[in-house]
Amino acid sequence: MSKGFLKVAEDILNSVDDYSGQKKEFYIRTGISRAYYGLIWHLKDRLSKQGYNFKGKNIHHFIPKVLADMGKLKEAKKFEELKTMRNDADYRQKSEFKKLKTVDKRALKTYIKNVHLFISRIG
């Protein structure tokens with residue numbers, strides 16, 4: 001399932017220039033969110049195979065705790081950063097952003113790249 005979410009994010013990246021104004025911004029925000037959920041599903045699948053149980057847990061809070069418990073502190077911190085950027089894209093106006101700098105094609109491209117890098121590092 002993670003690849004499906006990432007594919008949607010990449011499709012949005014490839015077609016985002018077809019839009020302008022608020023519609024373009026909405027697609028970029030959606031692309032960031034889809035890439036984040038691609039990461040979530042990948043990590044849930046990988047960590048479940050290692051014996052972690054996600055039932056009844058808030059996955060957004062549980063994943064960084066698991067990573068930290070595994071001694072992957074850099075990855076836990078990076079996950080929190082990616083989560084904050086996704087929260088910016090989903091819930092905040094530009095003036096309220098905490099991590100995301102802009103809502104443009106470059107931001108989406110960088111976010112997708114960072115998700116792929118994260119996945120390649122974690123396995």
# chains A, B, ... in the order shown; residues from 1 in each chain; ligands from 1
>>> residues_around(residues="Lys98 in chain A", least_positions_apart="3", cutoff="12 Å", atoms="only C-alpha atoms", output="PDB file with N, CA, C and O atoms, in the first residue's frame")
ATOM      1  N   GLU A  80       9.575  12.900  12.825  1.00  0.00           N
ATOM      2  CA  GLU A  80       8.819  13.993  13.452  1.00  0.00           C
ATOM      3  C   GLU A  80       8.833  15.234  12.571  1.00  0.00           C
ATOM      4  O   GLU A  80       7.827  15.944  12.461  1.00  0.00           O
ATOM      5  N   GLU A  81       9.951  15.496  11.936  1.00  0.00           N
ATOM      6  CA  GLU A  81      10.054  16.642  11.028  1.00  0.00           C
ATOM      7  C   GLU A  81       9.125  16.469   9.823  1.00  0.00           C
ATOM      8  O   GLU A  81       8.387  17.393   9.454  1.00  0.00           O
ATOM      9  N   LEU A  82       9.149  15.278   9.237  1.00  0.00           N
ATOM     10  CA  LEU A  82       8.262  15.001   8.101  1.00  0.00           C
ATOM     11  C   LEU A  82       6.795  15.070   8.515  1.00  0.00           C
ATOM     12  O   LEU A  82       5.949  15.566   7.763  1.00  0.00           O
ATOM     13  N   LYS A  83       6.501  14.600   9.721  1.00  0.00           N
ATOM     14  CA  LYS A  83       5.128  14.659  10.235  1.00  0.00           C
ATOM     15  C   LYS A  83       4.693  16.109  10.427  1.00  0.00           C
ATOM     16  O   LYS A  83       3.566  16.472  10.058  1.00  0.00           O
ATOM     17  N   THR A  84       5.555  16.938  10.961  1.00  0.00           N
ATOM     18  CA  THR A  84       5.228  18.346  11.157  1.00  0.00           C
ATOM     19  C   THR A  84       4.977  19.037   9.818  1.00  0.00           C
ATOM     20  O   THR A  84       4.049  19.845   9.683  1.00  0.00           O
ATOM     21  N   MET A  85       5.780  18.707   8.831  1.00  0.00           N
ATOM     22  CA  MET A  85       5.579  19.283   7.499  1.00  0.00           C
ATOM     23  C   MET A  85       4.245  18.833   6.912  1.00  0.00           C
ATOM     24  O   MET A  85       3.530  19.629   6.288  1.00  0.00           O
ATOM     25  N   ARG A  86       3.898  17.582   7.117  1.00  0.00           N
ATOM     26  CA  ARG A  86       2.597  17.094   6.642  1.00  0.00           C
ATOM     27  C   ARG A  86       1.471  17.802   7.379  1.00  0.00           C
ATOM     28  O   ARG A  86       0.465  18.184   6.781  1.00  0.00           O
ATOM     29  N   ASN A  87       1.632  18.007   8.681  1.00  0.00           N
ATOM     30  CA  ASN A  87       0.619  18.752   9.435  1.00  0.00           C
ATOM     31  C   ASN A  87       0.494  20.185   8.914  1.00  0.00           C
ATOM     32  O   ASN A  87      -0.622  20.709   8.828  1.00  0.00           O
ATOM     33  N   ASP A  88       1.608  20.801   8.571  1.00  0.00           N
ATOM     34  CA  ASP A  88       1.555  22.128   7.956  1.00  0.00           C
ATOM     35  C   ASP A  88       0.711  22.087   6.684  1.00  0.00           C
ATOM     36  O   ASP A  88      -0.165  22.923   6.482  1.00  0.00           O
ATOM     37  N   ALA A  89       0.987  21.103   5.841  1.00  0.00           N
ATOM     38  CA  ALA A  89       0.279  20.995   4.566  1.00  0.00           C
ATOM     39  C   ALA A  89      -1.209  20.703   4.754  1.00  0.00           C
ATOM     40  O   ALA A  89      -2.040  21.230   4.019  1.00  0.00           O
ATOM     41  N   TYR A  91      -3.141  21.141   7.733  1.00  0.00           N
ATOM     42  CA  TYR A  91      -3.930  21.861   8.722  1.00  0.00           C
ATOM     43  C   TYR A  91      -3.630  23.348   8.891  1.00  0.00           C
ATOM     44  O   TYR A  91      -4.391  24.042   9.544  1.00  0.00           O
ATOM     45  N   ARG A  92      -2.518  23.830   8.353  1.00  0.00           N
ATOM     46  CA  ARG A  92      -2.110  25.193   8.675  1.00  0.00           C
ATOM     47  C   ARG A  92      -2.082  26.108   7.455  1.00  0.00           C
ATOM     48  O   ARG A  92      -1.753  25.675   6.351  1.00  0.00           O
ATOM     49  N   GLN A  93      -2.351  27.362   7.710  1.00  0.00           N
ATOM     50  CA  GLN A  93      -2.159  28.378   6.691  1.00  0.00           C
ATOM     51  C   GLN A  93      -0.662  28.676   6.612  1.00  0.00           C
ATOM     52  O   GLN A  93       0.084  28.420   7.564  1.00  0.00           O
ATOM     53  N   LYS A  94      -0.238  29.227   5.504  1.00  0.00           N
ATOM     54  CA  LYS A  94       1.199  29.487   5.305  1.00  0.00           C
ATOM     55  C   LYS A  94       1.807  30.289   6.452  1.00  0.00           C
ATOM     56  O   LYS A  94       2.933  30.021   6.867  1.00  0.00           O
ATOM     57  N   SER A  95       1.077  31.242   6.960  1.00  0.00           N
ATOM     58  CA  SER A  95       1.608  32.077   8.044  1.00  0.00           C
ATOM     59  C   SER A  95       1.776  31.305   9.354  1.00  0.00           C
ATOM     60  O   SER A  95       2.455  31.772  10.263  1.00  0.00           O
ATOM     61  N   LYS A 101       8.333  25.427   4.435  1.00  0.00           N
ATOM     62  CA  LYS A 101       8.687  26.810   4.110  1.00  0.00           C
ATOM     63  C   LYS A 101       7.722  27.410   3.082  1.00  0.00           C
ATOM     64  O   LYS A 101       7.329  28.563   3.198  1.00  0.00           O
ATOM     65  N   THR A 102       7.393  26.637   2.075  1.00  0.00           N
ATOM     66  CA  THR A 102       6.536  27.107   0.993  1.00  0.00           C
ATOM     67  C   THR A 102       5.591  25.993   0.560  1.00  0.00           C
ATOM     68  O   THR A 102       5.760  24.840   0.964  1.00  0.00           O
TER      69      THR A 102
END
>>> residues_around(residues="Phe54 in chain A", least_positions_apart="2", cutoff="12 Å", atoms="only C-alpha atoms", output="PyMOL selection string")
chain A and resi 40-41+43-52+56-63+65-66
>>> write_last_selection(atoms="N, CA, C and O atoms", output="compact mmCIF listing (two decimals), in the first residue's frame")
# COMPACT_ATOMS: atom_id res chain seq x y z
N ILE A 40 4.17 6.26 6.29
CA ILE A 40 3.49 5.63 7.42
C ILE A 40 3.21 4.16 7.14
O ILE A 40 3.49 3.29 7.96
N TRP A 41 2.63 3.88 5.99
CA TRP A 41 2.28 2.49 5.66
C TRP A 41 3.52 1.63 5.52
O TRP A 41 3.54 0.47 5.93
N LEU A 43 6.43 2.06 7.08
CA LEU A 43 6.97 1.83 8.42
C LEU A 43 6.09 0.88 9.23
O LEU A 43 6.61 0.01 9.94
N LYS A 44 4.80 1.04 9.12
CA LYS A 44 3.89 0.14 9.84
C LYS A 44 4.11 -1.30 9.39
O LYS A 44 4.21 -2.21 10.22
N ASP A 45 4.20 -1.51 8.10
CA ASP A 45 4.43 -2.86 7.57
C ASP A 45 5.77 -3.41 8.05
O ASP A 45 5.86 -4.53 8.54
N ARG A 46 6.81 -2.61 7.92
CA ARG A 46 8.16 -3.07 8.30
C ARG A 46 8.26 -3.37 9.79
O ARG A 46 8.79 -4.39 10.20
N LEU A 47 7.73 -2.48 10.60
CA LEU A 47 7.83 -2.65 12.05
C LEU A 47 6.91 -3.77 12.55
O LEU A 47 7.25 -4.45 13.51
N SER A 48 5.79 -3.97 11.90
CA SER A 48 4.90 -5.08 12.26
C SER A 48 5.61 -6.41 12.04
O SER A 48 5.48 -7.34 12.85
N LYS A 49 6.37 -6.50 10.97
CA LYS A 49 7.13 -7.71 10.68
C LYS A 49 8.21 -7.97 11.73
O LYS A 49 8.67 -9.09 11.89
N GLN A 50 8.61 -6.92 12.43
CA GLN A 50 9.60 -7.05 13.50
C GLN A 50 8.94 -7.27 14.86
O GLN A 50 9.62 -7.28 15.88
N GLY A 51 7.62 -7.44 14.86
CA GLY A 51 6.92 -7.79 16.09
C GLY A 51 6.21 -6.66 16.81
O GLY A 51 5.62 -6.88 17.87
N TYR A 52 6.23 -5.46 16.26
CA TYR A 52 5.53 -4.35 16.90
C TYR A 52 4.05 -4.40 16.55
O TYR A 52 3.69 -4.62 15.40
N GLY A 56 -4.79 -0.41 18.22
CA GLY A 56 -5.20 0.50 19.28
C GLY A 56 -4.23 1.63 19.57
O GLY A 56 -4.40 2.36 20.54
N LYS A 57 -3.22 1.78 18.73
CA LYS A 57 -2.22 2.82 18.97
C LYS A 57 -2.36 3.94 17.92
O LYS A 57 -2.76 3.69 16.80
N ASN A 58 -2.02 5.13 18.32
CA ASN A 58 -1.95 6.24 17.38
C ASN A 58 -0.64 6.10 16.62
O ASN A 58 0.44 6.36 17.15
N ILE A 59 -0.74 5.67 15.39
CA ILE A 59 0.43 5.33 14.58
C ILE A 59 1.39 6.52 14.44
O ILE A 59 2.60 6.34 14.40
N HIS A 60 0.85 7.73 14.37
CA HIS A 60 1.68 8.92 14.18
C HIS A 60 2.58 9.18 15.39
O HIS A 60 3.66 9.76 15.25
N HIS A 61 2.13 8.76 16.56
CA HIS A 61 2.93 8.93 17.79
C HIS A 61 3.73 7.68 18.12
O HIS A 61 4.80 7.77 18.71
N PHE A 62 3.21 6.53 17.73
CA PHE A 62 3.85 5.26 18.07
C PHE A 62 5.12 5.03 17.25
O PHE A 62 6.13 4.57 17.78
N ILE A 63 5.08 5.36 15.97
CA ILE A 63 6.25 5.11 15.10
C ILE A 63 7.51 5.80 15.60
O ILE A 63 8.55 5.15 15.73
N LYS A 65 8.29 6.69 18.57
CA LYS A 65 8.68 6.06 19.83
C LYS A 65 9.38 4.73 19.56
O LYS A 65 10.39 4.40 20.20
N VAL A 66 8.84 3.96 18.63
CA VAL A 66 9.47 2.68 18.28
C VAL A 66 10.86 2.91 17.70
O VAL A 66 11.81 2.23 18.08
>>> atom_distance(atom1="CA of Val16 in chain A", atom2="CA of Phe79 in chain A")
25.2 Å
>>> closest_residue(among="A:His116, A:Asn53, A:Gly38, A:Lys77", to="Gly4 in chain A", atoms="only C-alpha atoms")
A:Gly38
>>> select_by_dssp(residues="range 33-115 of chain A", states="alpha helix (DSSP H)", output="number ranges by chain")
A: 33-49, 59-69, 73-91, 105-115
>>> write_last_selection(atoms="C-alpha atoms", output="compact mmCIF listing (two decimals), in the first residue's frame")
# COMPACT_ATOMS: atom_id res chain seq x y z
CA SER A 33 0.06 14.28 2.60
CA ARG A 34 0.02 11.26 0.27
CA ALA A 35 3.81 10.94 0.45
CA TYR A 36 3.62 11.03 4.26
CA TYR A 37 1.03 8.26 4.28
CA GLY A 38 3.24 6.24 1.96
CA LEU A 39 5.92 6.52 4.62
CA ILE A 40 3.49 5.63 7.42
CA TRP A 41 2.28 2.49 5.66
CA HIS A 42 5.83 1.43 4.83
CA LEU A 43 6.97 1.83 8.42
CA LYS A 44 3.89 0.14 9.84
CA ASP A 45 4.43 -2.86 7.57
CA ARG A 46 8.16 -3.07 8.30
CA LEU A 47 7.83 -2.65 12.05
CA SER A 48 4.90 -5.08 12.26
CA LYS A 49 7.13 -7.71 10.68
CA ILE A 59 0.43 5.33 14.58
CA HIS A 60 1.68 8.92 14.18
CA HIS A 61 2.93 8.93 17.79
CA PHE A 62 3.85 5.26 18.07
CA ILE A 63 6.25 5.11 15.10
CA PRO A 64 8.76 7.69 16.40
CA LYS A 65 8.68 6.06 19.83
CA VAL A 66 9.47 2.68 18.28
CA LEU A 67 12.27 4.16 16.20
CA ALA A 68 13.75 5.81 19.31
CA ASP A 69 13.44 2.54 21.27
CA LEU A 73 17.18 8.55 17.14
CA LYS A 74 18.08 10.38 13.91
CA GLU A 75 15.28 8.59 12.11
CA ALA A 76 12.80 9.32 14.90
CA LYS A 77 13.70 13.01 14.70
CA LYS A 78 13.45 13.02 10.89
CA PHE A 79 10.08 11.28 11.07
CA GLU A 80 8.82 13.99 13.45
CA GLU A 81 10.05 16.64 11.03
CA LEU A 82 8.26 15.00 8.10
CA LYS A 83 5.13 14.66 10.23
CA THR A 84 5.23 18.35 11.16
CA MET A 85 5.58 19.28 7.50
CA ARG A 86 2.60 17.09 6.64
CA ASN A 87 0.62 18.75 9.44
CA ASP A 88 1.55 22.13 7.96
CA ALA A 89 0.28 21.00 4.57
CA ASP A 90 -2.94 19.50 5.93
CA TYR A 91 -3.93 21.86 8.72
CA LYS A 105 6.39 22.30 -6.69
CA ARG A 106 9.91 22.35 -5.29
CA ALA A 107 8.61 21.76 -1.76
CA LEU A 108 6.61 18.75 -2.94
CA LYS A 109 9.55 17.37 -4.90
CA THR A 110 11.86 17.75 -1.91
CA TYR A 111 9.33 16.16 0.44
CA ILE A 112 8.88 13.12 -1.81
CA LYS A 113 12.67 12.82 -2.14
CA ASN A 114 13.05 12.93 1.65
CA VAL A 115 10.42 10.22 2.09
>>> residues_around(residues="Asp18 in chain A", least_positions_apart="5", cutoff="12 Å", atoms="only C-alpha atoms", output="MDAnalysis selection string")
chainID A and resid 11:13 23:25 27:28 105
>>> write_last_selection(atoms="all heavy atoms", output="mmCIF file, in the first residue's frame")
data_model
loop_
_atom_site.group_PDB
_atom_site.id
_atom_site.type_symbol
_atom_site.label_atom_id
_atom_site.label_comp_id
_atom_site.auth_asym_id
_atom_site.auth_seq_id
_atom_site.Cartn_x
_atom_site.Cartn_y
_atom_site.Cartn_z
ATOM 1 N N ASP A 11 2.528 11.282 -9.009
ATOM 2 C CA ASP A 11 1.622 11.684 -10.092
ATOM 3 C C ASP A 11 1.211 13.144 -9.929
ATOM 4 O O ASP A 11 1.145 13.893 -10.911
ATOM 5 C CB ASP A 11 0.372 10.796 -10.122
ATOM 6 C CG ASP A 11 0.657 9.382 -10.610
ATOM 7 O OD1 ASP A 11 1.765 9.124 -11.149
ATOM 8 O OD2 ASP A 11 -0.234 8.521 -10.448
ATOM 9 N N ILE A 12 0.929 13.535 -8.703
ATOM 10 C CA ILE A 12 0.583 14.934 -8.439
ATOM 11 C C ILE A 12 1.754 15.831 -8.795
ATOM 12 O O ILE A 12 1.582 16.861 -9.461
ATOM 13 C CB ILE A 12 0.149 15.124 -6.967
ATOM 14 C CG1 ILE A 12 -1.215 14.461 -6.733
ATOM 15 C CG2 ILE A 12 0.120 16.605 -6.592
ATOM 16 C CD1 ILE A 12 -1.630 14.377 -5.280
ATOM 17 N N LEU A 13 2.956 15.442 -8.390
ATOM 18 C CA LEU A 13 4.148 16.220 -8.720
ATOM 19 C C LEU A 13 4.280 16.401 -10.233
ATOM 20 O O LEU A 13 4.558 17.503 -10.716
ATOM 21 C CB LEU A 13 5.404 15.547 -8.159
ATOM 22 C CG LEU A 13 6.740 16.189 -8.516
ATOM 23 C CD1 LEU A 13 6.850 17.596 -7.935
ATOM 24 C CD2 LEU A 13 7.892 15.313 -8.020
ATOM 25 N N LYS A 23 -5.895 26.053 -6.567
ATOM 26 C CA LYS A 23 -6.013 24.645 -6.967
ATOM 27 C C LYS A 23 -4.626 23.987 -6.978
ATOM 28 O O LYS A 23 -4.468 22.864 -6.498
ATOM 29 C CB LYS A 23 -6.683 24.520 -8.335
ATOM 30 C CG LYS A 23 -7.111 23.118 -8.665
ATOM 31 C CD LYS A 23 -8.008 23.089 -9.882
ATOM 32 C CE LYS A 23 -8.535 21.684 -10.083
ATOM 33 N NZ LYS A 23 -9.490 21.609 -11.187
ATOM 34 N N LYS A 24 -3.635 24.693 -7.477
ATOM 35 C CA LYS A 24 -2.265 24.173 -7.488
ATOM 36 C C LYS A 24 -1.780 23.957 -6.052
ATOM 37 O O LYS A 24 -1.190 22.927 -5.735
ATOM 38 C CB LYS A 24 -1.340 25.131 -8.232
ATOM 39 C CG LYS A 24 0.073 24.613 -8.396
ATOM 40 C CD LYS A 24 0.876 25.541 -9.294
ATOM 41 C CE LYS A 24 2.220 24.929 -9.634
ATOM 42 N NZ LYS A 24 2.914 25.716 -10.670
ATOM 43 N N GLU A 25 -2.043 24.941 -5.202
ATOM 44 C CA GLU A 25 -1.642 24.814 -3.804
ATOM 45 C C GLU A 25 -2.297 23.601 -3.158
ATOM 46 O O GLU A 25 -1.653 22.847 -2.430
ATOM 47 C CB GLU A 25 -2.023 26.071 -3.023
ATOM 48 C CG GLU A 25 -1.664 25.990 -1.553
ATOM 49 C CD GLU A 25 -2.064 27.223 -0.763
ATOM 50 O OE1 GLU A 25 -2.181 28.318 -1.354
ATOM 51 O OE2 GLU A 25 -2.249 27.084 0.457
ATOM 52 N N TYR A 27 -3.334 20.834 -4.591
ATOM 53 C CA TYR A 27 -2.717 19.605 -5.088
ATOM 54 C C TYR A 27 -1.350 19.371 -4.441
ATOM 55 O O TYR A 27 -1.014 18.243 -4.083
ATOM 56 C CB TYR A 27 -2.596 19.623 -6.611
ATOM 57 C CG TYR A 27 -3.852 19.180 -7.298
ATOM 58 C CD1 TYR A 27 -4.726 20.094 -7.871
ATOM 59 C CD2 TYR A 27 -4.197 17.830 -7.359
ATOM 60 C CE1 TYR A 27 -5.893 19.685 -8.485
ATOM 61 C CE2 TYR A 27 -5.352 17.412 -7.967
ATOM 62 C CZ TYR A 27 -6.204 18.348 -8.531
ATOM 63 O OH TYR A 27 -7.364 17.932 -9.139
ATOM 64 N N ILE A 28 -0.577 20.430 -4.274
ATOM 65 C CA ILE A 28 0.731 20.287 -3.639
ATOM 66 C C ILE A 28 0.566 19.821 -2.194
ATOM 67 O O ILE A 28 1.248 18.902 -1.738
ATOM 68 C CB ILE A 28 1.528 21.599 -3.723
ATOM 69 C CG1 ILE A 28 1.933 21.864 -5.181
ATOM 70 C CG2 ILE A 28 2.758 21.561 -2.813
ATOM 71 C CD1 ILE A 28 2.456 23.263 -5.441
ATOM 72 N N LYS A 105 5.967 23.565 -6.093
ATOM 73 C CA LYS A 105 6.386 22.296 -6.692
ATOM 74 C C LYS A 105 7.709 21.805 -6.100
ATOM 75 O O LYS A 105 7.881 20.623 -5.842
ATOM 76 C CB LYS A 105 6.501 22.457 -8.209
ATOM 77 C CG LYS A 105 6.838 21.178 -8.923
ATOM 78 C CD LYS A 105 6.867 21.381 -10.425
ATOM 79 C CE LYS A 105 7.180 20.072 -11.141
ATOM 80 N NZ LYS A 105 7.156 20.252 -12.602
#
>>> atom_distance(atom1="CA of Ile32 in chain A", atom2="CA of Lys55 in chain A")
25.5 Å
>>> decode(residues="range 90-101 of chain A", atoms="all heavy atoms", output="JSON list (two decimals), in the first residue's frame")
[["chain", "number", "residue", "atom", "x", "y", "z"],
["A", 90, "ASP", "N", -1.54, 19.90, 5.74],
["A", 90, "ASP", "CA", -2.94, 19.50, 5.93],
["A", 90, "ASP", "C", -3.75, 20.48, 6.76],
["A", 90, "ASP", "O", -4.96, 20.61, 6.53],
["A", 90, "ASP", "CB", -3.01, 18.13, 6.61],
["A", 90, "ASP", "CG", -2.82, 16.98, 5.64],
["A", 90, "ASP", "OD1", -2.82, 17.21, 4.42],
["A", 90, "ASP", "OD2", -2.67, 15.84, 6.12],
["A", 91, "TYR", "N", -3.14, 21.14, 7.73],
["A", 91, "TYR", "CA", -3.93, 21.86, 8.72],
["A", 91, "TYR", "C", -3.63, 23.35, 8.89],
["A", 91, "TYR", "O", -4.39, 24.04, 9.54],
["A", 91, "TYR", "CB", -3.76, 21.21, 10.10],
["A", 91, "TYR", "CG", -4.10, 19.75, 10.13],
["A", 91, "TYR", "CD1", -3.15, 18.79, 10.43],
["A", 91, "TYR", "CD2", -5.39, 19.31, 9.84],
["A", 91, "TYR", "CE1", -3.47, 17.44, 10.45],
["A", 91, "TYR", "CE2", -5.72, 17.97, 9.86],
["A", 91, "TYR", "CZ", -4.75, 17.04, 10.16],
["A", 91, "TYR", "OH", -5.07, 15.71, 10.18],
["A", 92, "ARG", "N", -2.52, 23.83, 8.35],
["A", 92, "ARG", "CA", -2.11, 25.19, 8.68],
["A", 92, "ARG", "C", -2.08, 26.11, 7.45],
["A", 92, "ARG", "O", -1.75, 25.67, 6.35],
["A", 92, "ARG", "CB", -0.73, 25.18, 9.33],
["A", 92, "ARG", "CG", -0.72, 24.44, 10.64],
["A", 92, "ARG", "CD", 0.62, 24.52, 11.34],
["A", 92, "ARG", "NE", 0.58, 23.73, 12.56],
["A", 92, "ARG", "CZ", 1.11, 22.52, 12.68],
["A", 92, "ARG", "NH1", 1.76, 21.96, 11.68],
["A", 92, "ARG", "NH2", 1.01, 21.88, 13.83],
["A", 93, "GLN", "N", -2.35, 27.36, 7.71],
["A", 93, "GLN", "CA", -2.16, 28.38, 6.69],
["A", 93, "GLN", "C", -0.66, 28.68, 6.61],
["A", 93, "GLN", "O", 0.08, 28.42, 7.56],
["A", 93, "GLN", "CB", -2.93, 29.64, 7.05],
["A", 93, "GLN", "CG", -4.42, 29.44, 7.06],
["A", 93, "GLN", "CD", -5.16, 30.71, 7.43],
["A", 93, "GLN", "OE1", -4.60, 31.80, 7.43],
["A", 93, "GLN", "NE2", -6.43, 30.57, 7.75],
["A", 94, "LYS", "N", -0.24, 29.23, 5.50],
["A", 94, "LYS", "CA", 1.20, 29.49, 5.30],
["A", 94, "LYS", "C", 1.81, 30.29, 6.45],
["A", 94, "LYS", "O", 2.93, 30.02, 6.87],
["A", 94, "LYS", "CB", 1.42, 30.21, 3.98],
["A", 94, "LYS", "CG", 1.13, 29.38, 2.78],
["A", 94, "LYS", "CD", 1.29, 30.20, 1.52],
["A", 94, "LYS", "CE", 0.66, 29.50, 0.33],
["A", 94, "LYS", "NZ", 0.69, 30.32, -0.87],
["A", 95, "SER", "N", 1.08, 31.24, 6.96],
["A", 95, "SER", "CA", 1.61, 32.08, 8.04],
["A", 95, "SER", "C", 1.78, 31.31, 9.35],
["A", 95, "SER", "O", 2.45, 31.77, 10.26],
["A", 95, "SER", "CB", 0.69, 33.27, 8.28],
["A", 95, "SER", "OG", -0.60, 32.84, 8.69],
["A", 96, "GLU", "N", 1.17, 30.11, 9.44],
["A", 96, "GLU", "CA", 1.24, 29.29, 10.65],
["A", 96, "GLU", "C", 2.22, 28.13, 10.54],
["A", 96, "GLU", "O", 2.36, 27.36, 11.48],
["A", 96, "GLU", "CB", -0.14, 28.72, 10.97],
["A", 96, "GLU", "CG", -1.21, 29.76, 11.17],
["A", 96, "GLU", "CD", -2.60, 29.14, 11.24],
["A", 96, "GLU", "OE1", -2.91, 28.23, 10.46],
["A", 96, "GLU", "OE2", -3.37, 29.58, 12.11],
["A", 97, "PHE", "N", 2.88, 27.99, 9.40],
["A", 97, "PHE", "CA", 3.77, 26.84, 9.18],
["A", 97, "PHE", "C", 4.83, 26.75, 10.26],
["A", 97, "PHE", "O", 5.39, 27.77, 10.69],
["A", 97, "PHE", "CB", 4.46, 26.93, 7.82],
["A", 97, "PHE", "CG", 3.60, 26.56, 6.64],
["A", 97, "PHE", "CD1", 4.06, 26.75, 5.36],
["A", 97, "PHE", "CD2", 2.34, 26.02, 6.80],
["A", 97, "PHE", "CE1", 3.31, 26.42, 4.26],
["A", 97, "PHE", "CE2", 1.56, 25.68, 5.70],
["A", 97, "PHE", "CZ", 2.05, 25.87, 4.43],
["A", 98, "LYS", "N", 5.12, 25.52, 10.66],
["A", 98, "LYS", "CA", 6.17, 25.27, 11.64],
["A", 98, "LYS", "C", 7.45, 24.76, 10.99],
["A", 98, "LYS", "O", 8.54, 25.06, 11.43],
["A", 98, "LYS", "CB", 5.68, 24.29, 12.70],
["A", 98, "LYS", "CG", 4.54, 24.87, 13.50],
["A", 98, "LYS", "CD", 4.09, 23.96, 14.59],
["A", 98, "LYS", "CE", 2.95, 24.67, 15.32],
["A", 98, "LYS", "NZ", 2.53, 24.06, 16.51],
["A", 99, "LYS", "N", 7.33, 23.95, 9.94],
["A", 99, "LYS", "CA", 8.50, 23.38, 9.27],
["A", 99, "LYS", "C", 8.49, 23.63, 7.77],
["A", 99, "LYS", "O", 9.53, 23.85, 7.17],
["A", 99, "LYS", "CB", 8.58, 21.86, 9.50],
["A", 99, "LYS", "CG", 9.19, 21.47, 10.82],
["A", 99, "LYS", "CD", 10.67, 21.67, 10.79],
["A", 99, "LYS", "CE", 11.33, 21.18, 12.04],
["A", 99, "LYS", "NZ", 12.71, 21.54, 12.10],
["A", 100, "LEU", "N", 7.33, 23.52, 7.17],
["A", 100, "LEU", "CA", 7.21, 23.70, 5.72],
["A", 100, "LEU", "C", 7.47, 25.16, 5.40],
["A", 100, "LEU", "O", 6.90, 26.05, 6.04],
["A", 100, "LEU", "CB", 5.81, 23.28, 5.28],
["A", 100, "LEU", "CG", 5.57, 22.99, 3.81],
["A", 100, "LEU", "CD1", 6.48, 21.86, 3.32],
["A", 100, "LEU", "CD2", 4.12, 22.62, 3.57],
["A", 101, "LYS", "N", 8.33, 25.43, 4.43],
["A", 101, "LYS", "CA", 8.69, 26.81, 4.11],
["A", 101, "LYS", "C", 7.72, 27.41, 3.08],
["A", 101, "LYS", "O", 7.33, 28.56, 3.20],
["A", 101, "LYS", "CB", 10.11, 26.88, 3.56],
["A", 101, "LYS", "CG", 11.16, 26.26, 4.48],
["A", 101, "LYS", "CD", 11.61, 27.23, 5.53],
["A", 101, "LYS", "CE", 12.77, 26.70, 6.30],
["A", 101, "LYS", "NZ", 12.51, 26.28, 7.62]]
